[in-house]
>>> print(open('final.txt').read())   # compact mmCIF, C-alpha atoms and all ligand atoms
# COMPACT_ATOMS: atom_id res chain seq x y z
CA MET A 1434 -49.10 1.50 -7.33
CA LEU A 1435 -48.01 2.92 -3.96
CA VAL A 1436 -46.37 0.36 -1.66
CA LEU A 1437 -45.23 0.68 1.94
CA GLY A 1438 -42.14 -1.44 2.73
CA ILE A 1439 -41.37 -2.63 6.27
CA GLU A 1440 -37.99 -4.20 7.13
CA THR A 1441 -37.48 -5.56 10.67
CA SER A 1442 -35.43 -8.73 10.16
CA CYS A 1443 -32.48 -7.85 12.36
CA ASP A 1444 -31.23 -4.67 14.00
CA GLU A 1445 -32.51 -1.99 11.63
CA THR A 1446 -36.07 -0.71 11.34
CA GLY A 1447 -36.46 0.39 7.72
CA ILE A 1448 -39.62 1.94 6.30
CA ALA A 1449 -40.13 3.24 2.75
CA LEU A 1450 -42.74 4.31 0.24
CA TYR A 1451 -42.26 3.19 -3.35
CA ASP A 1452 -44.42 4.32 -6.24
CA SER A 1453 -44.21 2.07 -9.32
CA GLU A 1454 -44.50 5.07 -11.62
CA ARG A 1455 -42.42 7.63 -9.75
CA GLY A 1456 -39.90 5.48 -7.87
CA LEU A 1457 -38.86 5.84 -4.26
CA LEU A 1458 -40.84 8.65 -2.61
CA ALA A 1459 -39.43 8.56 0.92
CA HIS A 1460 -37.61 6.28 3.31
CA ALA A 1461 -36.49 6.28 6.93
CA LEU A 1462 -34.25 4.07 8.98
CA HIS A 1463 -33.54 3.55 12.63
CA SER A 1464 -30.39 1.60 13.41
CA GLN A 1465 -30.14 -0.22 16.74
CA VAL A 1466 -26.37 -0.47 16.48
CA GLU A 1467 -25.71 1.71 19.53
CA MET A 1468 -28.16 -0.23 21.65
CA HIS A 1469 -26.54 -3.59 20.85
CA ALA A 1470 -22.94 -2.33 20.89
CA ALA A 1471 -22.76 -2.70 24.67
CA TYR A 1472 -23.37 -6.45 24.27
CA GLY A 1473 -20.95 -7.00 21.36
CA GLY A 1474 -23.72 -8.27 19.08
CA VAL A 1475 -27.46 -8.23 18.45
CA VAL A 1476 -29.67 -9.18 21.43
CA PRO A 1477 -32.80 -10.58 19.74
CA GLU A 1478 -35.32 -9.66 22.44
CA LEU A 1479 -34.07 -6.09 22.63
CA ALA A 1480 -34.22 -5.89 18.84
CA SER A 1481 -37.90 -6.96 18.76
CA ARG A 1482 -38.90 -4.48 21.44
CA ASP A 1483 -37.14 -1.63 19.69
CA HIS A 1484 -38.80 -2.45 16.34
CA ILE A 1485 -42.19 -2.20 18.10
CA ARG A 1486 -41.30 1.31 19.28
CA ARG A 1487 -40.06 2.47 15.87
CA VAL A 1488 -42.28 1.10 13.10
CA LEU A 1489 -45.31 3.37 13.42
CA PRO A 1490 -43.45 6.67 14.05
CA LEU A 1491 -41.18 5.92 11.06
CA THR A 1492 -44.23 5.07 8.93
CA ARG A 1493 -45.79 8.41 9.85
CA ARG A 1494 -42.53 10.14 8.98
CA VAL A 1495 -42.24 8.65 5.47
CA LEU A 1496 -45.91 9.36 4.74
CA ASP A 1497 -45.45 13.00 5.82
CA ARG A 1498 -42.27 13.39 3.78
CA ALA A 1499 -43.99 12.03 0.70
CA GLY A 1500 -47.15 14.04 1.33
CA ARG A 1501 -49.27 10.89 1.34
CA ARG A 1502 -51.78 9.31 3.74
CA LEU A 1503 -52.26 5.72 4.81
CA GLN A 1504 -55.42 5.68 2.70
CA ASP A 1505 -53.31 6.25 -0.43
CA LEU A 1506 -51.50 2.90 -0.06
CA ASP A 1507 -52.18 0.21 -2.65
CA GLY A 1508 -50.17 -2.51 -0.93
CA ILE A 1509 -47.86 -3.34 1.96
CA ALA A 1510 -44.67 -5.41 1.80
CA TYR A 1511 -42.74 -6.72 4.78
CA THR A 1512 -39.73 -8.93 5.34
CA GLU A 1513 -41.05 -12.40 6.10
CA GLY A 1514 -37.62 -13.98 6.50
CA PRO A 1515 -34.93 -14.99 7.01
CA GLY A 1516 -33.99 -13.21 10.22
CA LEU A 1517 -34.71 -13.10 13.93
CA ALA A 1518 -38.13 -14.62 14.62
CA GLY A 1519 -39.29 -12.01 17.14
CA ALA A 1520 -38.03 -9.11 15.05
CA LEU A 1521 -39.70 -10.46 11.90
CA LEU A 1522 -42.97 -10.90 13.80
CA VAL A 1523 -43.13 -7.18 14.56
CA GLY A 1524 -43.02 -6.22 10.87
CA ALA A 1525 -45.39 -9.03 9.92
CA ALA A 1526 -47.97 -8.11 12.57
CA ILE A 1527 -47.96 -4.41 11.71
CA ALA A 1528 -48.06 -5.04 7.95
CA HIS A 1529 -51.02 -7.38 8.27
CA GLY A 1530 -52.79 -5.15 10.79
CA LEU A 1531 -52.50 -2.15 8.46
CA GLY A 1532 -53.36 -4.23 5.40
CA HIS A 1533 -56.52 -5.52 7.06
CA ALA A 1534 -57.59 -2.07 8.23
CA LEU A 1535 -56.94 -0.49 4.80
CA ALA A 1536 -58.20 -3.50 2.81
CA VAL A 1537 -55.06 -3.59 0.64
CA PRO A 1538 -52.91 -6.61 -0.30
CA VAL A 1539 -50.02 -7.55 1.97
CA ILE A 1540 -47.02 -9.52 0.78
CA GLY A 1541 -44.24 -11.16 2.77
CA LEU A 1542 -40.82 -11.01 1.11
CA HIS A 1543 -37.50 -12.75 1.26
CA HIS A 1544 -34.92 -10.38 2.76
CA LEU A 1545 -32.28 -11.40 0.23
CA GLU A 1546 -34.64 -10.81 -2.66
CA GLY A 1547 -34.78 -7.24 -1.37
CA HIS A 1548 -30.97 -6.98 -1.39
CA LEU A 1549 -30.81 -8.67 -4.80
CA LEU A 1550 -33.19 -6.19 -6.42
CA SER A 1551 -31.93 -3.11 -4.54
CA PRO A 1552 -29.70 -1.87 -7.44
CA LEU A 1553 -32.95 -1.40 -9.40
CA LEU A 1554 -33.53 1.64 -7.16
CA SER A 1555 -30.61 3.39 -8.91
CA THR A 1556 -30.16 4.83 -12.38
CA PRO A 1557 -28.97 3.28 -14.58
CA ALA A 1558 -30.60 0.08 -13.33
CA PRO A 1559 -29.17 -3.24 -14.50
CA GLY A 1560 -31.14 -5.11 -17.14
CA TYR A 1561 -31.87 -8.83 -16.79
CA PRO A 1562 -30.23 -11.31 -16.79
CA PHE A 1563 -27.38 -10.51 -14.40
CA VAL A 1564 -25.12 -12.25 -11.94
CA ALA A 1565 -25.62 -11.13 -8.35
CA LEU A 1566 -23.05 -11.38 -5.61
CA LEU A 1567 -24.96 -11.27 -2.34
CA VAL A 1568 -22.63 -10.54 0.53
CA SER A 1569 -24.29 -9.84 3.84
CA GLY A 1570 -23.78 -10.75 7.48
CA GLY A 1571 -25.72 -13.98 7.07
CA HIS A 1572 -25.21 -14.91 3.40
CA THR A 1573 -22.62 -15.16 0.67
CA GLN A 1574 -24.09 -16.34 -2.59
CA LEU A 1575 -23.65 -15.99 -6.32
CA MET A 1576 -26.94 -16.09 -8.18
CA ARG A 1577 -28.03 -15.85 -11.80
CA VAL A 1578 -31.01 -13.52 -11.88
CA ALA A 1579 -33.24 -13.71 -14.95
CA GLY A 1580 -36.15 -11.67 -13.57
CA VAL A 1581 -38.24 -11.15 -10.45
CA GLY A 1582 -38.49 -14.56 -8.79
CA GLN A 1583 -36.11 -16.23 -11.24
CA TYR A 1584 -33.01 -16.99 -9.27
CA GLN A 1585 -30.49 -19.74 -9.87
CA LEU A 1586 -27.94 -20.45 -7.18
CA LEU A 1587 -24.46 -20.68 -8.71
CA GLY A 1588 -22.42 -20.98 -5.53
CA GLU A 1589 -22.48 -20.11 -1.84
CA THR A 1590 -20.45 -20.23 1.31
CA LEU A 1591 -19.98 -23.60 2.93
CA ASP A 1592 -19.55 -22.06 6.38
CA ASP A 1593 -19.27 -18.42 7.51
CA ALA A 1594 -20.71 -15.61 5.43
CA ALA A 1595 -18.31 -12.88 4.28
CA GLY A 1596 -19.85 -10.30 6.64
CA GLU A 1597 -19.77 -12.80 9.49
CA ALA A 1598 -16.05 -13.39 8.81
CA PHE A 1599 -15.47 -9.62 8.89
CA ASP A 1600 -17.41 -9.33 12.16
CA LYS A 1601 -15.69 -12.29 13.88
CA THR A 1602 -12.22 -11.23 12.75
CA ALA A 1603 -12.89 -7.68 13.89
CA LYS A 1604 -13.71 -9.07 17.32
CA LEU A 1605 -10.41 -11.00 17.37
CA LEU A 1606 -8.64 -7.72 16.61
CA GLY A 1607 -10.39 -6.02 19.51
CA LEU A 1608 -12.76 -3.94 17.36
CA GLY A 1609 -16.35 -3.22 18.33
CA TYR A 1610 -19.63 -4.24 16.77
CA PRO A 1611 -20.47 -4.09 13.87
CA GLY A 1612 -17.05 -5.26 12.86
CA GLY A 1613 -17.03 -4.99 9.06
CA PRO A 1614 -16.82 -1.22 8.69
CA ALA A 1615 -14.43 -0.97 11.68
CA LEU A 1616 -12.10 -3.58 10.21
CA ALA A 1617 -12.17 -1.86 6.82
CA ARG A 1618 -11.20 1.42 8.49
CA LEU A 1619 -8.34 -0.22 10.41
CA ALA A 1620 -7.13 -1.93 7.21
CA GLU A 1621 -6.56 1.51 5.65
CA GLN A 1622 -3.70 2.06 8.09
CA GLY A 1623 -2.18 -1.36 7.39
CA ARG A 1624 -0.27 -3.10 4.68
CA PRO A 1625 -1.27 -6.46 3.22
CA GLY A 1626 1.52 -9.02 2.78
CA ARG A 1627 3.36 -8.51 6.06
CA PHE A 1628 1.32 -11.43 7.42
CA THR A 1629 0.18 -14.18 5.10
CA LEU A 1630 -3.37 -15.46 5.18
CA PRO A 1631 -4.92 -18.09 2.90
CA ARG A 1632 -7.24 -17.30 -0.04
CA PRO A 1633 -9.75 -20.06 0.77
CA MET A 1634 -11.12 -22.04 -2.17
CA LEU A 1635 -9.65 -19.62 -4.70
CA ALA A 1636 -8.66 -22.56 -6.89
CA SER A 1637 -11.53 -24.89 -5.99
CA GLY A 1638 -12.85 -24.84 -9.55
CA ASP A 1639 -16.41 -24.11 -8.39
CA LEU A 1640 -18.24 -21.01 -7.23
CA ASN A 1641 -18.42 -21.88 -3.55
CA PHE A 1642 -16.75 -20.02 -0.71
CA SER A 1643 -15.39 -20.85 2.73
CA PHE A 1644 -14.37 -18.16 5.19
CA SER A 1645 -14.19 -19.82 8.58
CA GLY A 1646 -10.57 -20.95 8.04
CA LEU A 1647 -9.55 -17.38 7.43
CA LYS A 1648 -10.93 -16.31 10.77
CA THR A 1649 -9.16 -19.27 12.45
CA ALA A 1650 -5.89 -18.27 10.76
CA VAL A 1651 -6.25 -14.78 12.22
CA ALA A 1652 -7.03 -16.29 15.65
CA THR A 1653 -3.81 -18.33 15.43
CA LEU A 1654 -1.76 -15.27 14.44
CA VAL A 1655 -3.16 -13.25 17.31
CA ARG A 1656 -2.59 -16.05 19.83
CA ARG A 1657 0.97 -16.69 18.68
CA SER A 1658 2.09 -13.15 19.42
CA PRO A 1659 -0.33 -10.48 20.61
CA PRO A 1660 -0.17 -7.81 17.88
CA ASP A 1661 0.65 -4.15 18.54
CA ALA A 1662 -1.40 -1.41 16.87
CA GLN A 1663 0.52 -1.56 13.55
CA ALA A 1664 0.43 -5.36 13.43
CA ARG A 1665 -3.34 -5.30 14.01
CA ALA A 1666 -3.74 -2.90 11.08
CA ASP A 1667 -1.50 -5.10 8.91
CA ILE A 1668 -3.50 -8.22 9.80
CA ALA A 1669 -6.74 -6.33 9.02
CA ALA A 1670 -5.34 -5.28 5.64
CA GLU A 1671 -4.25 -8.82 4.78
CA PHE A 1672 -7.59 -10.26 5.90
CA GLN A 1673 -9.55 -7.74 3.84
CA SER A 1674 -7.38 -8.33 0.81
CA ALA A 1675 -7.81 -12.14 1.11
CA ILE A 1676 -11.61 -11.93 1.30
CA VAL A 1677 -11.85 -9.37 -1.48
CA GLU A 1678 -9.57 -11.38 -3.76
CA VAL A 1679 -11.74 -14.48 -3.40
CA LEU A 1680 -15.03 -12.57 -3.80
CA ALA A 1681 -13.78 -10.77 -6.91
CA ALA A 1682 -12.29 -13.88 -8.54
CA LYS A 1683 -15.40 -15.99 -8.02
CA SER A 1684 -17.70 -13.20 -9.24
CA LEU A 1685 -15.72 -12.96 -12.47
CA ALA A 1686 -15.74 -16.75 -12.79
CA ALA A 1687 -19.54 -16.70 -12.42
CA LEU A 1688 -19.80 -14.14 -15.23
CA GLU A 1689 -17.60 -16.27 -17.44
CA LEU A 1690 -19.59 -19.41 -16.67
CA THR A 1691 -22.92 -17.77 -17.45
CA GLY A 1692 -21.61 -15.75 -20.39
CA LEU A 1693 -23.03 -12.56 -18.82
CA ALA A 1694 -21.40 -9.14 -18.58
CA ARG A 1695 -23.50 -7.59 -15.81
CA LEU A 1696 -22.65 -7.98 -12.14
CA VAL A 1697 -24.78 -6.73 -9.26
CA VAL A 1698 -23.19 -6.53 -5.82
CA ALA A 1699 -25.65 -6.37 -2.93
CA GLY A 1700 -25.66 -6.76 0.86
CA GLY A 1701 -23.68 -5.01 3.60
CA VAL A 1702 -20.21 -6.12 2.47
CA GLY A 1703 -20.97 -4.48 -0.89
CA ALA A 1704 -20.20 -1.21 0.94
CA ASN A 1705 -16.56 -2.29 1.23
CA ARG A 1706 -14.31 0.16 -0.59
CA LEU A 1707 -11.56 -2.32 -1.53
CA LEU A 1708 -14.11 -4.74 -2.98
CA ARG A 1709 -15.56 -1.91 -5.09
CA ASP A 1710 -12.16 -0.69 -6.28
CA THR A 1711 -10.96 -4.21 -7.11
CA LEU A 1712 -14.09 -5.06 -9.08
CA ALA A 1713 -14.02 -1.70 -10.86
CA ALA A 1714 -10.43 -2.22 -12.03
CA ARG A 1715 -11.08 -5.74 -13.33
CA ALA A 1716 -14.45 -4.84 -14.84
CA ARG A 1717 -12.92 -2.04 -16.89
CA ARG A 1718 -10.43 -4.45 -18.35
CA LEU A 1719 -13.03 -7.13 -19.10
CA ARG A 1720 -15.77 -4.73 -20.28
CA ILE A 1721 -18.15 -5.76 -17.55
CA ASP A 1722 -20.74 -3.47 -15.96
CA VAL A 1723 -20.88 -3.57 -12.17
CA PHE A 1724 -23.96 -2.23 -10.37
CA TYR A 1725 -24.34 -1.37 -6.71
CA PRO A 1726 -27.26 -0.10 -4.74
CA GLU A 1727 -26.80 3.46 -3.46
CA PHE A 1728 -24.52 3.40 -0.41
CA GLU A 1729 -27.42 3.83 2.03
CA PHE A 1730 -29.25 0.86 0.47
CA CYS A 1731 -26.30 -1.56 0.71
CA THR A 1732 -27.14 -2.47 4.30
CA ASP A 1733 -30.61 -3.31 5.56
CA ASN A 1734 -33.31 -0.81 4.61
CA GLY A 1735 -37.01 -0.47 3.87
CA ALA A 1736 -36.59 0.83 0.32
CA MET A 1737 -35.49 -2.53 -1.07
CA ILE A 1738 -38.51 -4.21 0.52
CA ALA A 1739 -40.96 -1.60 -0.81
CA LEU A 1740 -39.42 -1.95 -4.29
CA ALA A 1741 -39.44 -5.77 -4.28
CA GLY A 1742 -43.02 -5.66 -2.93
CA ALA A 1743 -44.15 -3.36 -5.73
CA LEU A 1744 -42.53 -5.61 -8.36
CA ARG A 1745 -44.11 -8.72 -6.88
CA LEU A 1746 -47.54 -7.17 -6.44
CA GLN A 1747 -47.46 -5.89 -10.03
CA HIS A 1748 -46.24 -9.08 -11.66
CA ARG A 1749 -47.79 -11.77 -9.54
CA ARG A 1750 -46.11 -15.10 -9.89
CA PRO A 1751 -47.42 -18.54 -9.07
CA GLY A 1752 -47.05 -19.03 -5.34
CA ASP A 1753 -47.46 -15.35 -4.46
CA GLU A 1754 -51.22 -15.72 -4.04
CA GLU A 1755 -51.01 -18.42 -1.42
CA ARG A 1756 -48.26 -16.47 0.32
CA ARG A 1757 -50.62 -13.52 0.55
CA SER A 1758 -53.71 -15.27 1.78
CA GLY A 1759 -53.08 -17.39 4.84
CA GLY A 1760 -52.92 -15.20 7.94
CA PHE A 1761 -49.39 -14.16 8.63
CA SER A 1762 -46.20 -16.05 8.97
CA VAL A 1763 -42.52 -15.43 9.38
CA ARG A 1764 -39.70 -17.66 8.16
CA PRO A 1765 -36.60 -17.19 10.30
CA ARG A 1766 -34.87 -19.70 8.00
CA TRP A 1767 -35.74 -19.49 4.33
CA ASP A 1768 -33.81 -20.59 1.27
CA LEU A 1769 -33.90 -17.97 -1.52
CA GLU A 1770 -33.91 -20.63 -4.21
CA MET A 1771 -37.30 -21.80 -2.94
CA LEU A 1772 -38.72 -18.63 -4.50
CA THR A 1773 -37.68 -19.64 -7.97
CA VAL A 1774 -40.47 -20.61 -10.25
CA VAL A 1775 -39.08 -22.43 -13.26
O1 LIG B 1801 -26.82 -6.74 4.53
P1 LIG B 1801 -26.51 -6.37 5.93
O2 LIG B 1801 -26.77 -4.96 6.38
O3 LIG B 1801 -27.25 -7.24 6.96
C1 LIG B 1801 -27.49 -8.60 6.79
O4 LIG B 1801 -28.55 -8.91 6.20
O5 LIG B 1801 -26.63 -9.37 7.24
O6 LIG B 1801 -24.96 -6.72 6.13
C2 LIG B 1801 -24.32 -6.51 7.35
C3 LIG B 1801 -22.91 -7.05 7.22
C4 LIG B 1801 -22.17 -7.06 8.55
O7 LIG B 1801 -21.53 -8.30 8.68
C5 LIG B 1801 -21.17 -5.92 8.40
O8 LIG B 1801 -20.00 -6.11 9.17
C6 LIG B 1801 -20.87 -5.96 6.92
O9 LIG B 1801 -22.14 -6.22 6.33
N1 LIG B 1801 -20.33 -4.69 6.41
C7 LIG B 1801 -19.08 -4.55 5.89
C8 LIG B 1801 -18.93 -3.19 5.55
N2 LIG B 1801 -20.10 -2.55 5.85
C9 LIG B 1801 -20.94 -3.49 6.37
N3 LIG B 1801 -18.11 -5.44 5.71
C10 LIG B 1801 -16.96 -5.01 5.16
N4 LIG B 1801 -16.73 -3.74 4.81
C11 LIG B 1801 -17.67 -2.78 4.98
N5 LIG B 1801 -17.43 -1.53 4.63
ZN ZN B 1802 -29.44 -7.71 4.93
>>> encode(input="final.txt", output="structure tokens")
Amino acid sequence: MLVLGIETSCDETGIALYDSERGLLAHALHSQVEMHAAYGGVVPELASRDHIRRVLPLTRRVLDRAGRRLQDLDGIAYTEGPGLAGALLVGAAIAHGLGHALAVPVIGLHHLEGHLLSPLLSTPAPGYPFVALLVSGGHTQLMRVAGVGQYQLLGETLDDAAGEAFDKTAKLLGLGYPGGPALARLAEQGRPGRFTLPRPMLASGDLNFSFSGLKTAVATLVRRSPPDAQARADIAAEFQSAIVEVLAAKSLAALELTGLARLVVAGGVGANRLLRDTLAARARRLRIDVFYPEFEFCTDNGAMIALAGALRLQHRRPGDEERRSGGFSVRPRWDLEMLTVV
């Protein structure tokens, strides 16, 4: 089954072709980061207009690279939500337009389901069940994943997402957008421990997170005495180490609670080097396997949507049918647990 994946939920246009027998055939991405950088964040209307310009040329590019034609497609998957309404509508409209013209099934997908399943694009792929740590700009969740569509929420953030905390703190330290990678780079020149920041909810006894206090603590530090270049790097290092410590500790607690030994880390913050090194060191000791998507599939991309679409179209679950039939919709807000069919 050959599936075209279309991702337009935020500021990246991602297109990919996934073949259920042969794997990922081709993918292409256009990032709008430079366009939004001037505004210090994503401007939704500009994002939608740029997606409109990019989707079809990128689709042609992946088809050419894979040596396939539109007529070869067996299905089309697009991100239905959550995300920016206007941006989602671009992907939805094009997916349904193409699907109608080609008379192939079209399926709308949950963006986080794409992230969650993205390590299945790599070899070796994790077997089910596994614990997934989803850490993106909009979400921080620990899930137990038993199969496609079988997701149990174990814990989540009560306020800011981990990526959001990185982005907001980066702004406080005078770094540009997107803040996460910039803050991580700055942290390399700093030393944790010179400033002390809290490890929020580290000892809360549950699997929930809270990151907004951390950002406020950084704001207070910066206000108290404007930091010089070295102090900014030291604050960045302490901030990164606080977030990573909490994410790693709660992920291991989730494995212990579920009795599982497989951890999947997905979403943009999964690209963070310190998080990877910390988890690797602890996993070795505890004989746990940690899986990541390839670096390029950590942040938003079309490959994860094409893959999740192929899996869903192949193993239809109750609820998929109605999601495929009624015109097209987008869900700017959409709870991942609603997908779970028990
Ligand atoms: O998954 P993603 O591409 O988009 C969302 O669905 O949100 O994640 C983007 C988030 C941003 O908050 C970005 O700052 C963060 O991931 N991020 C990082 C790193 N790379 C991306 N945060 C920390 N360290 C990184 N290396
Ligand atoms: Zn994402």
>>> residues_near_ligand(input="final.txt", ligand="ligand ZN 1802 (chain B)", cutoff="6 Å", atoms="only C-alpha atoms and all ligand atoms", output="compact mmCIF listing (two decimals) with C-alpha atoms, in the frame of the given file")
# COMPACT_ATOMS: atom_id res chain seq x y z
CA SER A 1569 -24.29 -9.84 3.84
CA GLY A 1700 -25.66 -6.76 0.86
CA THR A 1732 -27.14 -2.47 4.30
CA ASP A 1733 -30.61 -3.31 5.56
>>> residues_near_ligand(input="final.txt", ligand="ligand LIG 1801 (chain B)", cutoff="6 Å", atoms="only C-alpha atoms and all ligand atoms", output="ChimeraX atom specification")
/A:1569-1571,1596-1597,1599-1600,1611-1614,1617,1700-1702,1704-1705,1732-1733
>>> closest_residue(input="final.txt", among="A:Gly1474, A:Gly1508, A:Pro1562, A:Pro1765", to="Ala1741 in chain A", atoms="only C-alpha atoms")
A:Gly1508
>>> atom_distance(input="final.txt", atom1="CA of Leu1496 in chain A", atom2="CA of Ile1439 in chain A")
12.9 Å
>>> residues_around(input="final.txt", residues="Ala1598 in chain A", least_positions_apart="4", cutoff="12 Å", atoms="all atoms listed in the file", output="VMD selection string")
chain A and resid 1568 to 1573 1590 1592 to 1594 1602 to 1605 1611 to 1613 1616 1642 to 1652 1669 1672 to 1673 1675 to 1677 1702
>>> write_last_selection(input="final.txt", atoms="C-alpha atoms", output="CSV table (one decimal), keeping the file's coordinate frame")
chain,number,residue,atom,x,y,z
A,1568,VAL,CA,-22.6,-10.5,0.5
A,1569,SER,CA,-24.3,-9.8,3.8
A,1570,GLY,CA,-23.8,-10.8,7.5
A,1571,GLY,CA,-25.7,-14.0,7.1
A,1572,HIS,CA,-25.2,-14.9,3.4
A,1573,THR,CA,-22.6,-15.2,0.7
A,1590,THR,CA,-20.4,-20.2,1.3
A,1592,ASP,CA,-19.6,-22.1,6.4
A,1593,ASP,CA,-19.3,-18.4,7.5
A,1594,ALA,CA,-20.7,-15.6,5.4
A,1602,THR,CA,-12.2,-11.2,12.8
A,1603,ALA,CA,-12.9,-7.7,13.9
A,1604,LYS,CA,-13.7,-9.1,17.3
A,1605,LEU,CA,-10.4,-11.0,17.4
A,1611,PRO,CA,-20.5,-4.1,13.9
A,1612,GLY,CA,-17.0,-5.3,12.9
A,1613,GLY,CA,-17.0,-5.0,9.1
A,1616,LEU,CA,-12.1,-3.6,10.2
A,1642,PHE,CA,-16.8,-20.0,-0.7
A,1643,SER,CA,-15.4,-20.8,2.7
A,1644,PHE,CA,-14.4,-18.2,5.2
A,1645,SER,CA,-14.2,-19.8,8.6
A,1646,GLY,CA,-10.6,-21.0,8.0
A,1647,LEU,CA,-9.6,-17.4,7.4
A,1648,LYS,CA,-10.9,-16.3,10.8
A,1649,THR,CA,-9.2,-19.3,12.4
A,1650,ALA,CA,-5.9,-18.3,10.8
A,1651,VAL,CA,-6.2,-14.8,12.2
A,1652,ALA,CA,-7.0,-16.3,15.6
A,1669,ALA,CA,-6.7,-6.3,9.0
A,1672,PHE,CA,-7.6,-10.3,5.9
A,1673,GLN,CA,-9.6,-7.7,3.8
A,1675,ALA,CA,-7.8,-12.1,1.1
A,1676,ILE,CA,-11.6,-11.9,1.3
A,1677,VAL,CA,-11.8,-9.4,-1.5
A,1702,VAL,CA,-20.2,-6.1,2.5
>>> closest_residue(input="final.txt", among="A:Gly1524, A:Gly1541, A:Pro1559, A:Gly1447", to="Leu1693 in chain A", atoms="all atoms listed in the file")
A:Pro1559
>>> atom_distance(input="final.txt", atom1="CA of Val1697 in chain A", atom2="CA of Asn1734 in chain A")
17.3 Å
>>> closest_residue(input="final.txt", among="A:Leu1719, A:Ala1736, A:Leu1696, A:Ala1449", to="Ala1558 in chain A", atoms="all atoms listed in the file")
A:Leu1696
>>> atom_distance(input="final.txt", atom1="CA of His1533 in chain A", atom2="CA of Met1737 in chain A")
22.7 Å
>>> closest_residue(input="final.txt", among="A:Leu1491, A:Val1436, A:Ala1499, A:Val1476", to="Gly1532 in chain A", atoms="all atoms listed in the file")
A:Val1436
